[in-house]
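Peer 1: Below is the file coords.txt, with compact mmCIF, C-alpha atoms and all ligand atoms.
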```txt
# COMPACT_ATOMS: atom_id res chain seq x y z
CA MET A 1 52.57 49.51 89.10
CA GLU A 2 53.31 52.09 86.45
CA VAL A 3 55.69 50.84 83.75
CA ILE A 4 57.46 53.55 81.74
CA ILE A 5 59.45 52.30 78.75
CA LEU A 6 61.74 54.86 77.16
CA PRO A 7 64.18 54.40 74.28
CA THR A 8 67.46 54.72 76.18
CA LYS A 9 69.08 54.74 79.61
CA GLU A 10 69.58 58.47 79.15
CA ALA A 11 65.87 59.08 78.50
CA GLY A 12 64.93 56.88 81.47
CA SER A 13 67.35 58.70 83.76
CA ASN A 14 65.99 62.06 82.60
CA LYS A 15 62.47 60.93 83.42
CA ALA A 16 63.55 59.86 86.91
CA ALA A 17 65.41 63.16 87.36
CA GLU A 18 62.29 65.09 86.33
CA ILE A 19 60.27 63.33 89.04
CA PHE A 20 62.93 63.84 91.73
CA LYS A 21 63.33 67.53 90.88
CA TYR A 22 59.62 68.19 90.92
CA CYS A 23 59.15 66.39 94.24
CA ILE A 24 62.16 68.06 95.94
CA ARG A 25 60.94 71.50 94.87
CA LYS A 26 57.43 70.69 96.09
CA ASN A 27 58.67 69.33 99.42
CA PRO A 28 62.11 70.78 100.27
CA SER A 29 62.38 68.67 103.42
CA ILE A 30 61.65 65.45 101.55
CA ILE A 31 63.09 62.15 102.82
CA LEU A 32 64.82 60.31 99.98
CA GLY A 33 65.82 56.67 99.89
CA LEU A 34 68.93 56.32 97.72
CA ALA A 35 70.77 53.54 95.90
CA THR A 36 74.30 53.01 94.65
CA GLY A 37 75.57 51.03 91.65
CA SER A 38 75.86 52.10 88.01
CA THR A 39 72.15 52.62 87.40
CA PRO A 40 71.50 55.86 89.33
CA LEU A 41 74.66 57.68 88.20
CA PRO A 42 73.10 59.69 85.32
CA LEU A 43 70.22 60.65 87.63
CA TYR A 44 72.65 61.93 90.27
CA GLU A 45 74.57 63.84 87.58
CA SER A 46 71.39 65.53 86.46
CA LEU A 47 70.45 66.52 90.04
CA ILE A 48 73.98 67.86 90.60
CA GLN A 49 73.67 69.96 87.44
CA ASN A 50 70.48 71.51 88.74
CA TYR A 51 72.06 72.25 92.09
CA THR A 52 75.03 73.85 90.31
CA ASP A 53 72.83 76.08 88.15
CA GLY A 54 70.95 77.17 91.27
CA SER A 55 67.63 75.55 90.44
CA LEU A 56 67.65 72.86 93.13
CA ASP A 57 68.29 73.08 96.86
CA PHE A 58 69.12 70.11 99.08
CA SER A 59 69.70 72.03 102.31
CA GLN A 60 66.62 70.56 104.00
CA VAL A 61 66.66 67.15 102.31
CA THR A 62 67.34 63.97 104.31
CA SER A 63 68.53 60.73 102.72
CA PHE A 64 68.74 57.10 103.72
CA ASN A 65 70.79 54.66 101.68
CA LEU A 66 69.68 51.12 101.08
CA ASP A 67 72.80 49.21 101.94
CA GLU A 68 76.50 48.88 102.76
CA TYR A 69 79.17 46.18 102.77
CA VAL A 70 79.92 44.65 106.17
CA GLY A 71 83.49 45.17 107.39
CA VAL A 72 84.19 47.97 104.92
CA SER A 73 84.95 51.37 106.39
CA PRO A 74 83.22 54.48 104.97
CA ASN A 75 86.63 55.70 103.75
CA HIS A 76 87.23 52.61 101.62
CA GLN A 77 86.85 53.43 97.94
CA ALA A 78 84.44 50.55 97.35
CA SER A 79 82.19 51.43 100.31
CA TYR A 80 78.77 52.80 99.51
CA ALA A 81 79.42 55.71 101.87
CA TYR A 82 82.40 56.68 99.72
CA PHE A 83 80.40 56.11 96.54
CA MET A 84 77.63 58.46 97.67
CA LYS A 85 80.09 61.21 98.61
CA GLU A 86 82.04 60.91 95.38
CA ASN A 87 79.06 60.67 93.08
CA PHE A 88 76.47 62.84 94.78
CA PHE A 89 76.78 64.32 98.27
CA ASN A 90 80.08 66.18 97.75
CA HIS A 91 78.57 68.03 94.80
CA ILE A 92 75.33 69.29 96.37
CA ASN A 93 74.41 71.19 99.54
CA ILE A 94 72.84 68.30 101.45
CA LYS A 95 73.96 68.46 105.10
CA PRO A 96 76.24 65.51 105.94
CA GLU A 97 74.33 65.07 109.20
CA ASN A 98 71.16 64.50 107.15
CA THR A 99 72.63 61.64 105.11
CA PHE A 100 72.31 58.16 106.57
CA ILE A 101 73.98 54.99 105.35
CA PRO A 102 74.27 51.70 107.24
CA TYR A 103 77.67 51.53 108.96
CA GLY A 104 79.62 48.54 107.67
CA LYS A 105 81.95 48.49 110.69
CA ALA A 106 79.18 48.48 113.31
CA LYS A 107 80.24 46.39 116.31
CA ASN A 108 76.74 45.17 117.01
CA ILE A 109 75.08 44.73 113.64
CA PRO A 110 71.60 43.66 114.84
CA ASP A 111 71.40 46.73 117.14
CA HIS A 112 72.68 48.99 114.38
CA CYS A 113 70.00 47.65 112.03
CA LYS A 114 67.28 48.23 114.61
CA ASP A 115 68.52 51.80 115.14
CA TYR A 116 68.47 52.40 111.37
CA GLU A 117 64.83 51.31 111.22
CA THR A 118 63.95 53.53 114.18
CA LEU A 119 65.68 56.51 112.60
CA ILE A 120 63.74 56.11 109.35
CA LYS A 121 60.48 56.02 111.33
CA ASP A 122 61.49 58.97 113.56
CA LYS A 123 62.24 61.10 110.51
CA GLY A 124 58.75 60.40 109.21
CA GLY A 125 59.44 57.59 106.73
CA ILE A 126 60.82 57.60 103.21
CA ASP A 127 58.92 59.66 100.66
CA ILE A 128 60.63 58.40 97.50
CA GLN A 129 62.78 55.27 97.45
CA LEU A 130 65.08 54.89 94.47
CA LEU A 131 65.95 51.31 93.48
CA GLY A 132 68.16 49.59 90.95
CA ILE A 133 67.67 45.89 90.32
CA GLY A 134 70.12 43.00 90.44
CA THR A 135 70.34 40.55 87.54
CA ASP A 136 68.85 38.02 89.99
CA GLY A 137 65.94 40.32 90.85
CA HIS A 138 67.33 41.66 94.13
CA ILE A 139 66.37 45.08 95.47
CA GLY A 140 68.66 46.67 98.02
CA PHE A 141 70.69 43.58 98.81
CA ASN A 142 67.65 41.44 99.43
CA GLU A 143 68.73 38.40 97.49
CA PRO A 144 66.30 35.76 96.15
CA THR A 145 64.35 33.99 98.93
CA SER A 146 64.69 36.99 101.28
CA SER A 147 61.58 37.30 103.39
CA LEU A 148 59.13 39.65 101.75
CA ALA A 149 58.48 41.07 105.24
CA SER A 150 62.16 41.53 106.13
CA ARG A 151 63.57 44.57 107.91
CA THR A 152 67.08 46.07 107.88
CA ARG A 153 69.53 43.26 108.65
CA ILE A 154 72.67 41.44 107.59
CA LYS A 155 72.49 39.40 104.37
CA THR A 156 74.88 37.09 102.54
CA LEU A 157 75.37 37.95 98.86
CA THR A 158 74.83 35.37 96.14
CA ARG A 159 77.77 34.30 94.02
CA GLN A 160 76.12 36.08 91.07
CA THR A 161 75.92 39.44 92.88
CA ILE A 162 79.52 39.07 94.04
CA GLU A 163 80.58 38.51 90.41
CA ASP A 164 78.40 41.41 89.19
CA ASN A 165 79.96 43.76 91.77
CA ALA A 166 83.59 42.67 91.37
CA ARG A 167 83.91 45.62 88.95
CA PHE A 168 83.88 47.95 91.96
CA PHE A 169 86.78 45.97 93.49
CA ASP A 170 89.16 46.14 90.50
CA GLY A 171 87.60 42.94 89.16
CA LYS A 172 88.86 40.95 92.17
CA ILE A 173 86.03 38.62 93.11
CA ASP A 174 87.77 37.54 96.32
CA ASP A 175 87.84 41.14 97.56
CA VAL A 176 84.05 41.57 97.38
CA PRO A 177 82.63 41.18 100.90
CA LYS A 178 80.20 38.31 101.27
CA HIS A 179 78.04 40.14 103.80
CA VAL A 180 76.07 43.35 103.62
CA ILE A 181 73.65 45.36 105.71
CA THR A 182 70.50 46.12 103.74
CA MET A 183 67.13 47.69 104.31
CA GLY A 184 64.61 44.86 104.28
CA ILE A 185 61.89 44.32 101.72
CA GLY A 186 59.32 45.28 104.36
CA THR A 187 61.30 48.48 105.00
CA ILE A 188 61.38 49.35 101.29
CA MET A 189 57.67 48.61 100.94
CA GLU A 190 56.85 51.25 103.58
CA SER A 191 58.22 54.02 101.34
CA LYS A 192 55.43 56.18 100.01
CA HIS A 193 56.64 55.99 96.42
CA VAL A 194 59.14 53.54 94.94
CA ILE A 195 60.96 54.27 91.68
CA LEU A 196 62.87 51.32 90.23
CA LEU A 197 65.25 51.90 87.33
CA GLY A 198 66.40 49.06 85.07
CA PHE A 199 68.61 49.60 82.07
CA GLY A 200 70.36 47.29 79.62
CA LYS A 201 69.93 43.77 78.26
CA ASN A 202 71.37 42.08 81.34
CA LYS A 203 68.37 43.35 83.36
CA ALA A 204 65.72 42.14 80.87
CA GLN A 205 64.92 38.83 82.59
CA ALA A 206 64.80 40.39 86.07
CA ILE A 207 62.49 43.13 84.76
CA LYS A 208 60.24 40.57 83.05
CA ASP A 209 60.03 38.53 86.27
CA THR A 210 59.41 41.64 88.38
CA ILE A 211 56.57 42.99 86.29
CA GLU A 212 54.95 39.92 84.78
CA GLY A 213 56.20 36.99 86.79
CA PRO A 214 54.40 35.57 89.81
CA LEU A 215 54.85 37.36 93.12
CA THR A 216 57.63 35.35 94.73
CA ALA A 217 60.48 35.70 97.20
CA SER A 218 62.62 34.11 94.47
CA ILE A 219 62.39 37.48 92.66
CA PRO A 220 62.40 40.02 95.51
CA ALA A 221 61.50 42.93 93.19
CA SER A 222 58.22 41.20 92.28
CA ILE A 223 56.85 42.41 95.65
CA LEU A 224 56.51 45.83 93.98
CA GLN A 225 53.45 44.43 92.21
CA THR A 226 51.72 44.94 95.57
CA HIS A 227 53.05 48.46 96.28
CA GLU A 228 50.49 51.23 96.17
CA GLN A 229 52.74 53.54 94.16
CA ALA A 230 55.58 51.86 92.29
CA THR A 231 57.03 53.32 89.10
CA ILE A 232 59.28 51.11 86.98
CA ILE A 233 61.36 53.04 84.45
CA VAL A 234 63.20 50.92 81.89
CA ASP A 235 64.91 51.32 78.55
CA GLU A 236 64.01 49.28 75.46
CA GLU A 237 66.74 46.73 76.16
CA ALA A 238 65.57 46.03 79.70
CA ALA A 239 61.96 45.89 78.40
CA SER A 240 62.85 43.45 75.61
CA LYS A 241 61.44 40.35 77.36
CA LEU A 242 58.12 41.89 78.46
CA ASP A 243 55.07 40.22 76.89
CA ARG A 244 52.89 43.28 77.32
CA CYS A 245 55.42 45.87 76.19
CA ASP A 246 53.00 47.41 73.68
CA TYR A 247 50.30 47.70 76.31
CA TYR A 248 52.57 49.54 78.79
CA LYS A 249 53.55 52.00 76.05
CA TRP A 250 49.90 52.39 75.05
CA VAL A 251 48.92 53.16 78.64
CA TYR A 252 51.76 55.67 79.04
CA ASN A 253 51.06 57.41 75.73
CA ASN A 254 47.33 57.64 76.43
CA ARG A 255 47.46 59.04 79.96
CA PRO A 256 44.70 61.53 80.66
CA ALA A 257 46.05 65.10 80.47
CA TRP A 258 45.96 65.43 84.29
CA GLN A 259 48.29 62.45 84.67
CA ARG A 260 50.97 63.74 82.35
CA GLY A 261 53.05 65.96 84.64
CA PRO A 262 55.66 64.78 87.14
CA GLU A 263 53.32 65.95 89.91
CA ASP A 264 51.30 62.82 89.28
CA LEU A 265 54.39 60.79 90.11
CA CYS A 266 55.10 62.51 93.43
CA PRO A 267 54.28 60.53 96.57
CA LYS A 268 50.50 60.58 96.94
CA LYS A 269 50.26 59.74 100.66
C1 LIG B 1 72.71 49.34 95.44
C2 LIG B 1 71.67 48.31 95.50
C3 LIG B 1 71.60 47.23 94.48
C4 LIG B 1 71.78 47.74 93.04
C5 LIG B 1 71.71 46.57 92.08
C6 LIG B 1 71.97 47.02 90.64
O1 LIG B 1 72.59 50.24 96.51
O2 LIG B 1 70.93 48.30 96.41
O3 LIG B 1 70.34 46.61 94.58
O4 LIG B 1 70.80 48.67 92.76
O5 LIG B 1 72.66 45.62 92.43
O6 LIG B 1 73.26 47.49 90.52
P1 LIG B 1 73.75 48.26 89.20
O7 LIG B 1 72.98 49.53 89.16
O8 LIG B 1 75.20 48.50 89.41
O9 LIG B 1 73.44 47.35 88.07
```
Please render this file's structure as structure tokens.
Ligand code: F6R
Peer 2:
Amino acid sequence: MEVIILPTKEAGSNKAAEIFKYCIRKNPSIILGLATGSTPLPLYESLIQNYTDGSLDFSQVTSFNLDEYVGVSPNHQASYAYFMKENFFNHINIKPENTFIPYGKAKNIPDHCKDYETLIKDKGGIDIQLLGIGTDGHIGFNEPTSSLASRTRIKTLTRQTIEDNARFFDGKIDDVPKHVITMGIGTIMESKHVILLGFGKNKAQAIKDTIEGPLTASIPASILQTHEQATIIVDEEAASKLDRCDYYKWVYNNRPAWQRGPEDLCPKK
């Protein structure tokens, strides 16, 4: 696990953007795993800027999103399909047919989930999986006590996640769907490189538990302790509860010269 602590959300997002840009340029047909929510927005803005100035090309990139609300159509403003179009896909030259998001209106959800897993495998697997983190330690929508071996499936959100996400439904808690389709923890763990972003004070406990807590299904993100290549990028606020904060900074600031470029953070497999 590499822990990168930077002063602000902006600096953390820039670091993530640097890695993504380098890896997309190195492998133009890269398979990206993408997330929604507030956390990745500055990263997406930065990638859009580079597409607009002609320095980044998404024409061969494929993407798989982590999750979607059940029963919500892709045209609904709170759907993750809509979110991705509004905040990223509509502003770059990724081919719509190369962007995959679980379909919230699928008639047969278990079959749809199986097909999603098969598609990821058929495309060659995810090279870089971007993750945010829930205040309860969830990744994707794998809520606490999700099986650490789980695959793409339907999940029921916790009350806390419903409250956290009510902001995307005009603050109306009752409008937030209770069910979601999410890549499983086992699915996420098969990505070659995982980059988790955590910003702000309200993520501090989840980040502490993820990095320094015991490995437990009660904090799904703690499974990343066992991933071969997981990079956790946090700002000072999200790092504020870490016991070994100084050590992580020491490690980062004393990297050997050959580990200092973004190339070292590209998928190694
Ligand atoms: C979103 C997702 C979730 C979010 C998490 C944090 O696709 O999978 O795990 O990353 O809920 O959300 P924000 O970034 O809004 O704090």
Peer 1: Could you tell me, counting all atoms listed in the file, which protein and nucleic acid residues lie no more than 10 Å from ligand LIG 1 (chain B), written as a CSV table (one decimal) with C-alpha atoms, in the coordinates of the input?
Peer 2:
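Once everything was written out, this is selection38.csv:
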```csv
chain,number,residue,atom,x,y,z
A,33,GLY,CA,65.8,56.7,99.9
A,34,LEU,CA,68.9,56.3,97.7
A,35,ALA,CA,70.8,53.5,95.9
A,36,THR,CA,74.3,53.0,94.6
A,37,GLY,CA,75.6,51.0,91.6
A,38,SER,CA,75.9,52.1,88.0
A,39,THR,CA,72.2,52.6,87.4
A,40,PRO,CA,71.5,55.9,89.3
A,41,LEU,CA,74.7,57.7,88.2
A,65,ASN,CA,70.8,54.7,101.7
A,66,LEU,CA,69.7,51.1,101.1
A,67,ASP,CA,72.8,49.2,101.9
A,68,GLU,CA,76.5,48.9,102.8
A,69,TYR,CA,79.2,46.2,102.8
A,80,TYR,CA,78.8,52.8,99.5
A,83,PHE,CA,80.4,56.1,96.5
A,84,MET,CA,77.6,58.5,97.7
A,130,LEU,CA,65.1,54.9,94.5
A,131,LEU,CA,66.0,51.3,93.5
A,132,GLY,CA,68.2,49.6,91.0
A,133,ILE,CA,67.7,45.9,90.3
A,134,GLY,CA,70.1,43.0,90.4
A,135,THR,CA,70.3,40.6,87.5
A,136,ASP,CA,68.8,38.0,90.0
A,137,GLY,CA,65.9,40.3,90.8
A,138,HIS,CA,67.3,41.7,94.1
A,139,ILE,CA,66.4,45.1,95.5
A,140,GLY,CA,68.7,46.7,98.0
A,141,PHE,CA,70.7,43.6,98.8
A,142,ASN,CA,67.6,41.4,99.4
A,143,GLU,CA,68.7,38.4,97.5
A,161,THR,CA,75.9,39.4,92.9
A,162,ILE,CA,79.5,39.1,94.0
A,164,ASP,CA,78.4,41.4,89.2
A,165,ASN,CA,80.0,43.8,91.8
A,167,ARG,CA,83.9,45.6,89.0
A,168,PHE,CA,83.9,48.0,92.0
A,182,THR,CA,70.5,46.1,103.7
A,183,MET,CA,67.1,47.7,104.3
A,196,LEU,CA,62.9,51.3,90.2
A,197,LEU,CA,65.2,51.9,87.3
A,198,GLY,CA,66.4,49.1,85.1
A,199,PHE,CA,68.6,49.6,82.1
A,200,GLY,CA,70.4,47.3,79.6
A,202,ASN,CA,71.4,42.1,81.3
A,203,LYS,CA,68.4,43.4,83.4
A,221,ALA,CA,61.5,42.9,93.2
```
Peer 1: How many Å lie between CA of Gln225 in chain A and CA of Tyr247 in chain A, rounded to one decimal?
Peer 2: 16.5 Å
Peer 1: So which one's closest to Glu190 in chain A, A:Ala149, A:Ile219, A:Cys113, A:Leu6? Using all atoms listed in the file, please.
Peer 2: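 For Glu190 in chain A, the nearest of the candidates is A:Ala149.
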Peer 1: Find the spatial neighbours of Ile207 in chain A, counting all atoms listed in the file, within a cut-off of 7 Å - ignore same-chain residues fewer than 4 positions away - and output them as a list in words.
Peer 2: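 That gives Lys203, Ile211, Ala238 and Ala239 of chain A.
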Peer 1: Quick one: everything within 12 Å of Pro42 in chain A, counting only C-alpha atoms, minus sequence neighbours fewer than 4 positions away in the same chain. Send it as an mmCIF file with C-alpha atoms, keeping the file's coordinate frame.
Peer 2:
```cif
data_model
loop_
_atom_site.group_PDB
_atom_site.id
_atom_site.type_symbol
_atom_site.label_atom_id
_atom_site.label_comp_id
_atom_site.auth_asym_id
_atom_site.auth_seq_id
_atom_site.Cartn_x
_atom_site.Cartn_y
_atom_site.Cartn_z
ATOM 1 C CA THR A 8 67.460 54.720 76.180
ATOM 2 C CA LYS A 9 69.080 54.740 79.610
ATOM 3 C CA GLU A 10 69.580 58.470 79.150
ATOM 4 C CA ALA A 11 65.870 59.080 78.500
ATOM 5 C CA GLY A 12 64.930 56.880 81.470
ATOM 6 C CA SER A 13 67.350 58.700 83.760
ATOM 7 C CA ASN A 14 65.990 62.060 82.600
ATOM 8 C CA LYS A 15 62.470 60.930 83.420
ATOM 9 C CA ALA A 16 63.550 59.860 86.910
ATOM 10 C CA ALA A 17 65.410 63.160 87.360
ATOM 11 C CA THR A 36 74.300 53.010 94.650
ATOM 12 C CA GLY A 37 75.570 51.030 91.650
ATOM 13 C CA SER A 38 75.860 52.100 88.010
ATOM 14 C CA SER A 46 71.390 65.530 86.460
ATOM 15 C CA LEU A 47 70.450 66.520 90.040
ATOM 16 C CA ILE A 48 73.980 67.860 90.600
ATOM 17 C CA GLN A 49 73.670 69.960 87.440
ATOM 18 C CA ASN A 87 79.060 60.670 93.080
ATOM 19 C CA PHE A 88 76.470 62.840 94.780
ATOM 20 C CA LEU A 197 65.250 51.900 87.330
ATOM 21 C CA PHE A 199 68.610 49.600 82.070
#
```
Peer 1: Which value, in Å to one decimal, gives the distance between CA of His91 in chain A and CA of Ile19 in chain A?
Peer 2: 19.8 Å
Peer 1: Compare A:Lys85, A:Gly71, A:Ile92, A:Glu163 by their minimum atom-to-atom distance to Asp53 in chain A, counting all atoms listed in the file, and give me the closest one.
Peer 2: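 Closest to Asp53 in chain A, using all atoms listed in the file: A:Ile92.
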Peer 1: Suppose you want the space between CA of Pro262 in chain A and CA of Lys26 in chain A; what is it in Å?
Peer 2: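 Calculated distance between CA of Pro262 in chain A and CA of Lys26 in chain A is 10.9 Å.
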Peer 1: Identify which of the residues A:Glu2, A:Asp111, A:Asp57, A:Glu236 lies closest to Ala204 in chain A, counting only C-alpha atoms when measuring atom-to-atom distances.
Peer 2: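 Result for the nearest residue to Ala204 in chain A: A:Glu236.
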Peer 1: Because the input lacks atoms here, generate N, CA, C and O atoms for range 237-259 of chain A and report them as a tab-separated table (two decimals), in the frame of the given file.
Peer 2:
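Final output, saved to rebuild.tsv:
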```tsv
chain	number	residue	atom	x	y	z
A	237	GLU	N	66.01	47.99	75.97
A	237	GLU	CA	66.74	46.73	76.16
A	237	GLU	C	66.23	45.97	77.38
A	237	GLU	O	66.01	44.77	77.32
A	238	ALA	N	66.05	46.69	78.47
A	238	ALA	CA	65.57	46.03	79.70
A	238	ALA	C	64.12	45.58	79.54
A	238	ALA	O	63.67	44.66	80.22
A	239	ALA	N	63.38	46.24	78.62
A	239	ALA	CA	61.96	45.89	78.40
A	239	ALA	C	61.81	44.77	77.37
A	239	ALA	O	60.69	44.31	77.12
A	240	SER	N	62.93	44.31	76.80
A	240	SER	CA	62.85	43.45	75.61
A	240	SER	C	62.19	42.09	75.86
A	240	SER	O	61.77	41.44	74.92
A	241	LYS	N	62.08	41.66	77.11
A	241	LYS	CA	61.44	40.35	77.36
A	241	LYS	C	60.00	40.47	77.86
A	241	LYS	O	59.35	39.46	78.16
A	242	LEU	N	59.49	41.70	77.94
A	242	LEU	CA	58.12	41.89	78.46
A	242	LEU	C	57.10	41.46	77.42
A	242	LEU	O	57.16	41.88	76.26
A	243	ASP	N	56.11	40.65	77.83
A	243	ASP	CA	55.07	40.22	76.89
A	243	ASP	C	54.13	41.37	76.54
A	243	ASP	O	53.60	41.43	75.45
A	244	ARG	N	53.89	42.23	77.53
A	244	ARG	CA	52.89	43.28	77.32
A	244	ARG	C	53.51	44.65	77.07
A	244	ARG	O	52.93	45.69	77.41
A	245	CYS	N	54.68	44.63	76.46
A	245	CYS	CA	55.42	45.87	76.19
A	245	CYS	C	54.55	46.91	75.50
A	245	CYS	O	54.49	48.07	75.91
A	246	ASP	N	53.83	46.47	74.45
A	246	ASP	CA	53.00	47.41	73.68
A	246	ASP	C	51.91	48.02	74.56
A	246	ASP	O	51.58	49.19	74.43
A	247	TYR	N	51.37	47.20	75.43
A	247	TYR	CA	50.30	47.70	76.31
A	247	TYR	C	50.83	48.78	77.26
A	247	TYR	O	50.20	49.82	77.43
A	248	TYR	N	52.02	48.55	77.84
A	248	TYR	CA	52.57	49.54	78.79
A	248	TYR	C	52.81	50.87	78.06
A	248	TYR	O	52.56	51.94	78.60
A	249	LYS	N	53.30	50.77	76.81
A	249	LYS	CA	53.55	52.00	76.05
A	249	LYS	C	52.23	52.69	75.72
A	249	LYS	O	52.11	53.91	75.78
A	250	TRP	N	51.24	51.88	75.38
A	250	TRP	CA	49.90	52.39	75.05
A	250	TRP	C	49.33	53.14	76.25
A	250	TRP	O	48.82	54.25	76.13
A	251	VAL	N	49.44	52.53	77.42
A	251	VAL	CA	48.92	53.16	78.64
A	251	VAL	C	49.64	54.50	78.87
A	251	VAL	O	49.00	55.53	79.11
A	252	TYR	N	50.97	54.46	78.76
A	252	TYR	CA	51.76	55.67	79.04
A	252	TYR	C	51.44	56.78	78.04
A	252	TYR	O	51.27	57.94	78.41
A	253	ASN	N	51.30	56.39	76.77
A	253	ASN	CA	51.06	57.41	75.73
A	253	ASN	C	49.63	57.92	75.73
A	253	ASN	O	49.33	58.92	75.10
A	254	ASN	N	48.73	57.21	76.41
A	254	ASN	CA	47.33	57.64	76.43
A	254	ASN	C	46.87	58.06	77.82
A	254	ASN	O	45.70	57.96	78.15
A	255	ARG	N	47.85	58.55	78.63
A	255	ARG	CA	47.46	59.04	79.96
A	255	ARG	C	46.51	60.22	79.81
A	255	ARG	O	46.70	61.05	78.91
A	256	PRO	N	45.53	60.32	80.69
A	256	PRO	CA	44.70	61.53	80.66
A	256	PRO	C	45.60	62.75	80.89
A	256	PRO	O	46.64	62.62	81.56
A	257	ALA	N	45.21	63.89	80.38
A	257	ALA	CA	46.05	65.10	80.47
A	257	ALA	C	46.51	65.35	81.91
A	257	ALA	O	47.67	65.68	82.15
A	258	TRP	N	45.62	65.12	82.90
A	258	TRP	CA	45.96	65.43	84.29
A	258	TRP	C	46.97	64.45	84.88
A	258	TRP	O	47.48	64.66	85.97
A	259	GLN	N	47.28	63.41	84.16
A	259	GLN	CA	48.29	62.45	84.67
A	259	GLN	C	49.63	62.62	83.97
A	259	GLN	O	50.52	61.80	84.13
```
